[in-house]
Number of protein chains: 2
Amino acid sequence: MTKMFGYKVAAVDGKARRGVVMTARGDIQTPAFMPVGTAATVKAMLPESVKATGADILLGNTYHLMLRPGAERMARLGGLHKFMNWAGPILTDSGGFQVMSLTGLRKLDEKGVTFKSHVDGSKHYLSPETSMDIQAMLGSDIVMAFDECTPFPATREVSLESMQRSMRWAQRSRDAFGERPAHALFGIQQGSIFPEQREESAEALKGIGFDGYAIGGLAVGEGQAAMFDVLDYAPGMLPDDKPRYLMGVGKPDDIVGAVQRGVDMFDCVLPSRSGRNGQALTRMGAINIKNARHRDDPRPLDPECTCPACTGYSRAYLHHVFKANEIISSMLMTWHNLHYYQELMAGLRRAIEVGALDDFAAAFHERRAKGDS
Amino acid sequence: MTKMFGYKVAAVDGKARRGVVMTARGDIQTPAFMPVGTAATVKAMLPESVKATGADILLGNTYHLMLRPGAERMARLGGLHKFMNWAGPILTDSGGFQVMSLTGLRKLDEKGVTFKSHVDGSKHYLSPETSMDIQAMLGSDIVMAFDECTPFPATREVSLESMQRSMRWAQRSRDAFGERPAHALFGIQQGSIFPEQREESAEALKGIGFDGYAIGGLAVGEGQAAMFDVLDYAPGMLPDDKPRYLMGVGKPDDIVGAVQRGVDMFDCVLPSRSGRNGQALTRMGAINIKNARHRDDPRPLDPECTCPACTGYSRAYLHHVFKANEIISSMLMTWHNLHYYQELMAGLRRAIEVGALDDFAAAFHERRAKGDS
């Protein structure tokens with residue numbers, strides 16, 4: 001069968017690429033930001049609203065979904081797309097990152113990871129093989145290889161051991177994934193901040209062969225400067241003709257810098273989580289709506305923004321509903337933040353198309369330096 | 001100036017009336033259900049979604065709004081409609097009901113009520129005059145007279161004293177309201193379950209003269225049978241050519257019975273509060289989505305319902321997001337319940353138009369008796 005997944009580059013500007021990821025469930029314009037729908041919902045948003053912000057693809061978390069509602073149940077119910085009423089593509093992570101974060105609740109060996117559910121304490125197991133099974137039951141369009149996200153900081157030795165195990169797991173993931181023409185499997189580069197390990201990891205992944213390549217082990221506390229140092233070389237180690245996905249990133253300026261360094265895909269809980277916490281992310285930087293200075297302010301968050309929060313409501317209203325713990329606060333602030341992220345990605349795509357990415361980035365930083373005025 | 005408020009009856013069926021309340025901000029088809037937007041939001045709903053359910057008018061709570069964000073602030077910001085992004089008519093209560101419910105936090109005399117804010121403990125005052133002022137600052141289209149909602153049960157003597165004070169307050173409300181051609185003032189009948197007191201109250205209100213008449217002091221614990229006993233005679237004591245509003249009612253079967261007895265307008269937190277608590281109100285009766293029997297159920301809440309919750313999601317999904325404490329649970333369940341209420345009102349209006357209200361009510365009760373099958 002013909003592979004129903006592909007990637008083509010439409011334009012380049014320096015290292016940055018303007019492309020399209022083609023899936024059986026629709027195209028993804030890149031550089032792309034993927035909102036996070038952890039438990040089969042992008043928190044405080046209806047899926048049609050997420051679509052309206054300009055999102056082409058969502059991310060789902062295998063760890064959360066396997067525990068609740070459960071992968072077998074999801075399969076019986078027709079898969080994640082039908083369950084959560086999202087017809088477009090979905091990428092699922094492998095579950096590895098969340099499981100590794102369960103301090104004291106997990107046991108890792110070469111075969112895989114045993115862990116306890118944060119929901120009810122029940123015992124579960126994840127390995128490359130079970131992760132591939134579960135992601136298939138969810139119906140994920142882009143499946144991530146099961147790996148270990150190497151903690152930061154890690155010594156050269158610890159990082160090497162972790163990366164090499166992840167590469168063995170990458171091969172097992174590839175083997176277990178099998179031939180699924182309508183679905184894609186992405187490998188994940190590890191190697192912490194060590195160029196020779198990033199290179200070894202990239203070569204291992206290319207030897208196995210994947211539909212796309214993720215850069216893992218970043219945005220884990222190393223800071224933007226160290227992350228950009230790695231991104232100065234790591235994307236170039238991965239194939240030019242496949243999409244590159246920087247996992248768990250990030251703040252708007254992280255994304256601009258990563259796009260300039262050749263990254264195509266991003267995901268992050270920041271816009272939705274910040275929104276629920278009363279922080280608006282805007283062209284002018286972050287605005288904390290809970291601040292008393294907004295109490296009497298008739299202006300919108302951003303007069304140039306076309307999202308429902310900015311076209312329908314004053315800062316005074318958004319301040320009021322945040323203080324009153326009203327659900328509409330999370331709804332409007334999340335919508336604004338996701339809209340802003342998608343507008344940022346659209347701006348980056350247009351800038352690459354016309355070869356003006358550096359000008360775009362300069363204007364982006366200049367506007368933020370002026371602040372909320 | 002010409003009064004920009006009116007009411008006309010288009011059809012009657014028994015005691016029931018199919019009418020239109022005309023306001024400067026648009027028509028209200030009656031019998032009407034008014035969703036409650038306590039703190040300048042119908043909880044978990046965007047106003048355009050409330051409109052999409054079929055609501056012509058919202059209710060706002062003066063008590064909550066005067067404390068937060070405050071009536072003066074609201075006036076400076078352009079009033080409640082602009083603040084909450086709702087262009088249609090708004091009815092505000094007088095604040096009396098909430099203030100009277102603040103056990104231990106209030107002091108009542110002939111002039112008015114002193115009370116402490118539940119938000120920050122600050123001291124406030126409400127009287128007929130200040131309530132009229134505050135409702136004017138909010139920009140309410142339909143202003144309610146300041147009264148005391150007589151508690152239930154009350155002795156004949158306590159009820160009489162309370163009702164007669166409310167009638168003196170009704171006169172003071174009328175005097176303080178003044179001439180406001182674009183706005184309406186409703187009086188509130190009291191008298192508990194005593195026919196002669198209901199009659200005395202109605203006569204007092206008619207003597208003062210209002211744009212509409214509410215039936216107060218019901219749905220306060222007396223039970224449906226006792227409420228219907230009062231509704232067998234109380235609406236008929238009020239003018240035929242003005243709208244009649246039963247405050248704080250109610251469950252779907254309360255509304256059907258009250259419409260049959262001649263009531264035109266209703267408000268209740270039940271559909272929104274139940275939705276947030278995982279209870280769906282449907283033609284088949286109430287469905288508790290948290291019940292484990294829904295865990296694997298691929299069916300919608302109600303296959304005949306056209307709301308987004310029923311057209312987009314299974315009971316299994318609604319069960320999952322309720323159990324996972326996801327905000328979308330409140331969003332979808334509230335939407336369904338408000339949609340169901342508005343569909344019920346539309347059905348009642350059509351039935352009155354064609355003289356088939358008793359058949360409609362019989363079918364309504366029969367379908368509920370069958371239950372969720």
# chains A, B, ... in the order shown; residues from 1 in each chain; ligands from 1

$ residues_around --residues "range 175-184 of chain B" --least-positions-apart "3" --cutoff "10 Å" --atoms "only C-alpha atoms" --output "count of residues only"
34

$ closest_atom_pairs --of "chain B" --to "chain A" --cutoff "8 Å" --atoms "only C-alpha atoms" --output "Markdown table"
| residue | atom | partner | partner_atom | distance |
| --- | --- | --- | --- | --- |
| B:Ala39 | CA | A:Ala324 | CA | 7.7 |
| B:Thr41 | CA | A:Ile328 | CA | 7.2 |
| B:Lys43 | CA | A:Ile327 | CA | 6.3 |
| B:Ala44 | CA | A:Ile327 | CA | 5.1 |
| B:Met45 | CA | A:Ile328 | CA | 6.7 |
| B:Leu46 | CA | A:Ile328 | CA | 6.9 |
| B:Arg68 | CA | A:His320 | CA | 7.4 |
| B:Pro69 | CA | A:His320 | CA | 6.2 |
| B:Arg73 | CA | A:Asp296 | CA | 7.0 |
| B:Leu77 | CA | A:Pro298 | CA | 6.3 |
| B:Phe83 | CA | A:Tyr317 | CA | 6.2 |
| B:Met84 | CA | A:Tyr313 | CA | 7.1 |
| B:Asn85 | CA | A:Gly312 | CA | 5.9 |
| B:Asp296 | CA | A:Arg73 | CA | 7.0 |
| B:Pro298 | CA | A:Leu77 | CA | 6.3 |
| B:Gly312 | CA | A:Asn85 | CA | 5.9 |
| B:Tyr313 | CA | A:Asn85 | CA | 6.7 |
| B:Ser314 | CA | A:Phe83 | CA | 7.2 |
| B:Tyr317 | CA | A:Phe83 | CA | 6.1 |
| B:His320 | CA | A:Pro69 | CA | 6.2 |
| B:Val321 | CA | A:Ala39 | CA | 7.8 |
| B:Ala324 | CA | A:Ala39 | CA | 7.7 |
| B:Glu326 | CA | A:Lys43 | CA | 6.6 |
| B:Ile327 | CA | A:Ala44 | CA | 5.1 |
| B:Ile328 | CA | A:Ala44 | CA | 5.6 |
| B:Met331 | CA | A:Ala44 | CA | 8.0 |

$ atom_distance --atom1 "CA of Arg283 in chain B" --atom2 "CA of Arg367 in chain B"
6.6 Å

$ residues_around --residues "Ser192 in chain A" --least-positions-apart "5" --cutoff "10 Å" --atoms "only C-alpha atoms" --output "PyMOL selection string"
chain A and resi 149-156+158-160+162-163+197-198+215-218+220+222+227+230

$ write_last_selection --atoms "N, CA and C atoms" --output "PDB file, in the first residue's frame"
ATOM      1  N   CYS A 149      13.340  10.192  28.236  1.00  0.00           N
ATOM      2  CA  CYS A 149      13.753  11.587  28.151  1.00  0.00           C
ATOM      3  C   CYS A 149      14.848  11.781  29.207  1.00  0.00           C
ATOM      4  N   THR A 150      16.108  11.857  28.759  1.00  0.00           N
ATOM      5  CA  THR A 150      17.227  11.946  29.699  1.00  0.00           C
ATOM      6  C   THR A 150      17.087  13.187  30.572  1.00  0.00           C
ATOM      7  N   PRO A 151      17.130  13.009  31.888  1.00  0.00           N
ATOM      8  CA  PRO A 151      16.991  14.184  32.772  1.00  0.00           C
ATOM      9  C   PRO A 151      18.152  15.153  32.578  1.00  0.00           C
ATOM     10  N   PHE A 152      17.960  16.395  32.979  1.00  0.00           N
ATOM     11  CA  PHE A 152      19.009  17.411  32.919  1.00  0.00           C
ATOM     12  C   PHE A 152      19.232  17.958  34.318  1.00  0.00           C
ATOM     13  N   PRO A 153      20.480  18.158  34.771  1.00  0.00           N
ATOM     14  CA  PRO A 153      21.702  17.789  34.044  1.00  0.00           C
ATOM     15  C   PRO A 153      21.986  16.298  34.172  1.00  0.00           C
ATOM     16  N   ALA A 154      22.700  15.747  33.193  1.00  0.00           N
ATOM     17  CA  ALA A 154      23.153  14.360  33.238  1.00  0.00           C
ATOM     18  C   ALA A 154      24.641  14.367  32.895  1.00  0.00           C
ATOM     19  N   THR A 155      25.391  13.499  33.554  1.00  0.00           N
ATOM     20  CA  THR A 155      26.810  13.368  33.183  1.00  0.00           C
ATOM     21  C   THR A 155      26.869  12.766  31.779  1.00  0.00           C
ATOM     22  N   ARG A 156      28.028  12.913  31.169  1.00  0.00           N
ATOM     23  CA  ARG A 156      28.245  12.346  29.847  1.00  0.00           C
ATOM     24  C   ARG A 156      27.938  10.836  29.841  1.00  0.00           C
ATOM     25  N   VAL A 158      26.007   9.018  32.063  1.00  0.00           N
ATOM     26  CA  VAL A 158      24.580   8.731  32.269  1.00  0.00           C
ATOM     27  C   VAL A 158      23.796   9.027  30.994  1.00  0.00           C
ATOM     28  N   SER A 159      24.099  10.149  30.362  1.00  0.00           N
ATOM     29  CA  SER A 159      23.403  10.516  29.131  1.00  0.00           C
ATOM     30  C   SER A 159      23.638   9.477  28.040  1.00  0.00           C
ATOM     31  N   LEU A 160      24.887   9.022  27.905  1.00  0.00           N
ATOM     32  CA  LEU A 160      25.216   8.050  26.852  1.00  0.00           C
ATOM     33  C   LEU A 160      24.444   6.752  27.049  1.00  0.00           C
ATOM     34  N   SER A 162      21.680   6.293  28.719  1.00  0.00           N
ATOM     35  CA  SER A 162      20.254   6.550  28.505  1.00  0.00           C
ATOM     36  C   SER A 162      19.948   6.642  27.011  1.00  0.00           C
ATOM     37  N   MET A 163      20.775   7.404  26.280  1.00  0.00           N
ATOM     38  CA  MET A 163      20.546   7.584  24.838  1.00  0.00           C
ATOM     39  C   MET A 163      20.634   6.249  24.115  1.00  0.00           C
ATOM     40  N   GLN A 197      27.001  12.789  21.146  1.00  0.00           N
ATOM     41  CA  GLN A 197      25.900  11.861  21.456  1.00  0.00           C
ATOM     42  C   GLN A 197      24.677  12.157  20.590  1.00  0.00           C
ATOM     43  N   ARG A 198      24.408  13.453  20.348  1.00  0.00           N
ATOM     44  CA  ARG A 198      23.316  13.830  19.442  1.00  0.00           C
ATOM     45  C   ARG A 198      23.577  13.231  18.053  1.00  0.00           C
ATOM     46  N   ILE A 215      13.288  15.937  18.387  1.00  0.00           N
ATOM     47  CA  ILE A 215      14.432  16.289  19.220  1.00  0.00           C
ATOM     48  C   ILE A 215      13.928  16.239  20.651  1.00  0.00           C
ATOM     49  N   GLY A 216      14.417  15.241  21.399  1.00  0.00           N
ATOM     50  CA  GLY A 216      13.958  15.054  22.773  1.00  0.00           C
ATOM     51  C   GLY A 216      14.993  15.542  23.766  1.00  0.00           C
ATOM     52  N   GLY A 217      14.621  15.513  25.036  1.00  0.00           N
ATOM     53  CA  GLY A 217      15.573  15.831  26.095  1.00  0.00           C
ATOM     54  C   GLY A 217      15.897  17.305  26.228  1.00  0.00           C
ATOM     55  N   LEU A 218      15.099  18.168  25.588  1.00  0.00           N
ATOM     56  CA  LEU A 218      15.287  19.616  25.769  1.00  0.00           C
ATOM     57  C   LEU A 218      14.066  20.188  26.487  1.00  0.00           C
ATOM     58  N   VAL A 220      13.947  20.848  29.555  1.00  0.00           N
ATOM     59  CA  VAL A 220      13.831  20.093  30.803  1.00  0.00           C
ATOM     60  C   VAL A 220      14.649  20.768  31.900  1.00  0.00           C
ATOM     61  N   GLU A 222      17.269  23.145  31.168  1.00  0.00           N
ATOM     62  CA  GLU A 222      18.599  23.597  30.750  1.00  0.00           C
ATOM     63  C   GLU A 222      18.627  25.092  30.433  1.00  0.00           C
ATOM     64  N   MET A 227      19.523  25.390  25.339  1.00  0.00           N
ATOM     65  CA  MET A 227      18.662  24.733  24.349  1.00  0.00           C
ATOM     66  C   MET A 227      19.022  25.202  22.943  1.00  0.00           C
ATOM     67  N   VAL A 230      22.145  23.592  21.570  1.00  0.00           N
ATOM     68  CA  VAL A 230      21.901  22.265  20.982  1.00  0.00           C
ATOM     69  C   VAL A 230      21.194  22.407  19.634  1.00  0.00           C
TER      70      VAL A 230
END

$ atom_distance --atom1 "CA of Lys290 in chain A" --atom2 "CA of Gly278 in chain A"
6.2 Å

$ select_by_dssp --residues "range 72-320 of chain B" --states "strand (DSSP E)" --output "MDAnalysis selection string"
chainID B and resid 90:92 106:108 113:116 123:126 142:144 184:189 212:215 244:246 265:267 279:282 285:288

$ residues_around --residues "Pro195 in chain A" --least-positions-apart "4" --cutoff "12 Å" --atoms "only C-alpha atoms" --output "PyMOL selection string"
chain A and resi 156+159-160+189-191+199-202+229-237

$ residues_around --residues "range 350-362 of chain A" --least-positions-apart "2" --cutoff "6 Å" --atoms "only C-alpha atoms" --output "list in words"
Ala11, Asp13, Gly347, Leu348, Phe364 and His365 of chain A

$ select_by_dssp --residues "range 119-340 of chain B" --states "alpha helix (DSSP H)" --output "MDAnalysis selection string"
chainID B and resid 128:138 156:177 195:208 224:231 252:260 270:276 308:312 315:323 327:340

$ residues_around --residues "Met137 in chain A" --least-positions-apart "6" --cutoff "7 Å" --atoms "only C-alpha atoms" --output "JSON, numbers by chain"
{"A": [71, 72, 74, 75, 79]}

$ residues_around --residues "Gly60 in chain A" --least-positions-apart "2" --cutoff "6 Å" --atoms "only C-alpha atoms" --output "ChimeraX atom specification"
/A:37-38,92

$ closest_residue --among "A:Phe97, A:Phe266, A:Tyr63, A:Phe228" --to "Pro35 in chain A" --atoms "only C-alpha atoms"
A:Phe266

$ closest_residue --among "B:Met265, B:Leu105, B:Ile90, B:Leu281" --to "Leu138 in chain B" --atoms "only C-alpha atoms"
B:Ile90

$ atom_distance --atom1 "CA of Arg368 in chain B" --atom2 "CA of Asp254 in chain B"
13.4 Å

$ closest_residue --among "B:Cys305, B:Ala369, B:Ile193, B:Ala219" --to "Thr282 in chain B" --atoms "only C-alpha atoms"
B:Cys305

$ decode --residues "range 304-322 of chain B" --atoms "N, CA and C atoms" --output "mmCIF file, in the first residue's frame"
data_model
loop_
_atom_site.group_PDB
_atom_site.id
_atom_site.type_symbol
_atom_site.label_atom_id
_atom_site.label_comp_id
_atom_site.auth_asym_id
_atom_site.auth_seq_id
_atom_site.Cartn_x
_atom_site.Cartn_y
_atom_site.Cartn_z
ATOM 1 N N GLU B 304 -32.201 12.314 20.105
ATOM 2 C CA GLU B 304 -33.036 13.273 19.371
ATOM 3 C C GLU B 304 -32.628 14.717 19.624
ATOM 4 N N CYS B 305 -31.678 14.926 20.528
ATOM 5 C CA CYS B 305 -31.272 16.293 20.864
ATOM 6 C C CYS B 305 -30.235 16.783 19.852
ATOM 7 N N THR B 306 -30.337 18.062 19.474
ATOM 8 C CA THR B 306 -29.432 18.622 18.465
ATOM 9 C C THR B 306 -28.362 19.518 19.077
ATOM 10 N N CYS B 307 -28.160 19.461 20.392
ATOM 11 C CA CYS B 307 -27.134 20.301 21.017
ATOM 12 C C CYS B 307 -25.744 19.727 20.718
ATOM 13 N N PRO B 308 -24.684 20.543 20.865
ATOM 14 C CA PRO B 308 -23.335 20.051 20.579
ATOM 15 C C PRO B 308 -22.927 18.855 21.432
ATOM 16 N N ALA B 309 -23.382 18.763 22.660
ATOM 17 C CA ALA B 309 -23.022 17.616 23.501
ATOM 18 C C ALA B 309 -23.605 16.329 22.923
ATOM 19 N N CYS B 310 -24.833 16.395 22.425
ATOM 20 C CA CYS B 310 -25.499 15.188 21.919
ATOM 21 C C CYS B 310 -25.100 14.850 20.488
ATOM 22 N N THR B 311 -24.743 15.836 19.690
ATOM 23 C CA THR B 311 -24.369 15.544 18.303
ATOM 24 C C THR B 311 -22.891 15.178 18.182
ATOM 25 N N GLY B 312 -22.079 15.542 19.175
ATOM 26 C CA GLY B 312 -20.636 15.342 19.043
ATOM 27 C C GLY B 312 -20.021 14.293 19.954
ATOM 28 N N TYR B 313 -20.740 13.875 20.997
ATOM 29 C CA TYR B 313 -20.067 13.096 22.042
ATOM 30 C C TYR B 313 -20.935 11.955 22.554
ATOM 31 N N SER B 314 -20.261 10.885 22.948
ATOM 32 C CA SER B 314 -20.926 9.731 23.556
ATOM 33 C C SER B 314 -21.101 9.962 25.055
ATOM 34 N N ARG B 315 -21.980 9.175 25.655
ATOM 35 C CA ARG B 315 -22.073 9.172 27.120
ATOM 36 C C ARG B 315 -20.735 8.751 27.727
ATOM 37 N N ALA B 316 -20.042 7.833 27.049
ATOM 38 C CA ALA B 316 -18.731 7.390 27.549
ATOM 39 C C ALA B 316 -17.775 8.581 27.647
ATOM 40 N N TYR B 317 -17.786 9.453 26.647
ATOM 41 C CA TYR B 317 -16.908 10.628 26.693
ATOM 42 C C TYR B 317 -17.325 11.567 27.818
ATOM 43 N N LEU B 318 -18.626 11.821 27.909
ATOM 44 C CA LEU B 318 -19.112 12.750 28.942
ATOM 45 C C LEU B 318 -18.816 12.194 30.338
ATOM 46 N N HIS B 319 -18.926 10.879 30.490
ATOM 47 C CA HIS B 319 -18.559 10.233 31.757
ATOM 48 C C HIS B 319 -17.064 10.444 32.036
ATOM 49 N N HIS B 320 -16.251 10.185 31.020
ATOM 50 C CA HIS B 320 -14.790 10.318 31.168
ATOM 51 C C HIS B 320 -14.396 11.731 31.593
ATOM 52 N N VAL B 321 -14.874 12.741 30.887
ATOM 53 C CA VAL B 321 -14.427 14.107 31.207
ATOM 54 C C VAL B 321 -14.998 14.586 32.536
ATOM 55 N N PHE B 322 -16.169 14.061 32.939
ATOM 56 C CA PHE B 322 -16.648 14.403 34.279
ATOM 57 C C PHE B 322 -15.725 13.807 35.332
#
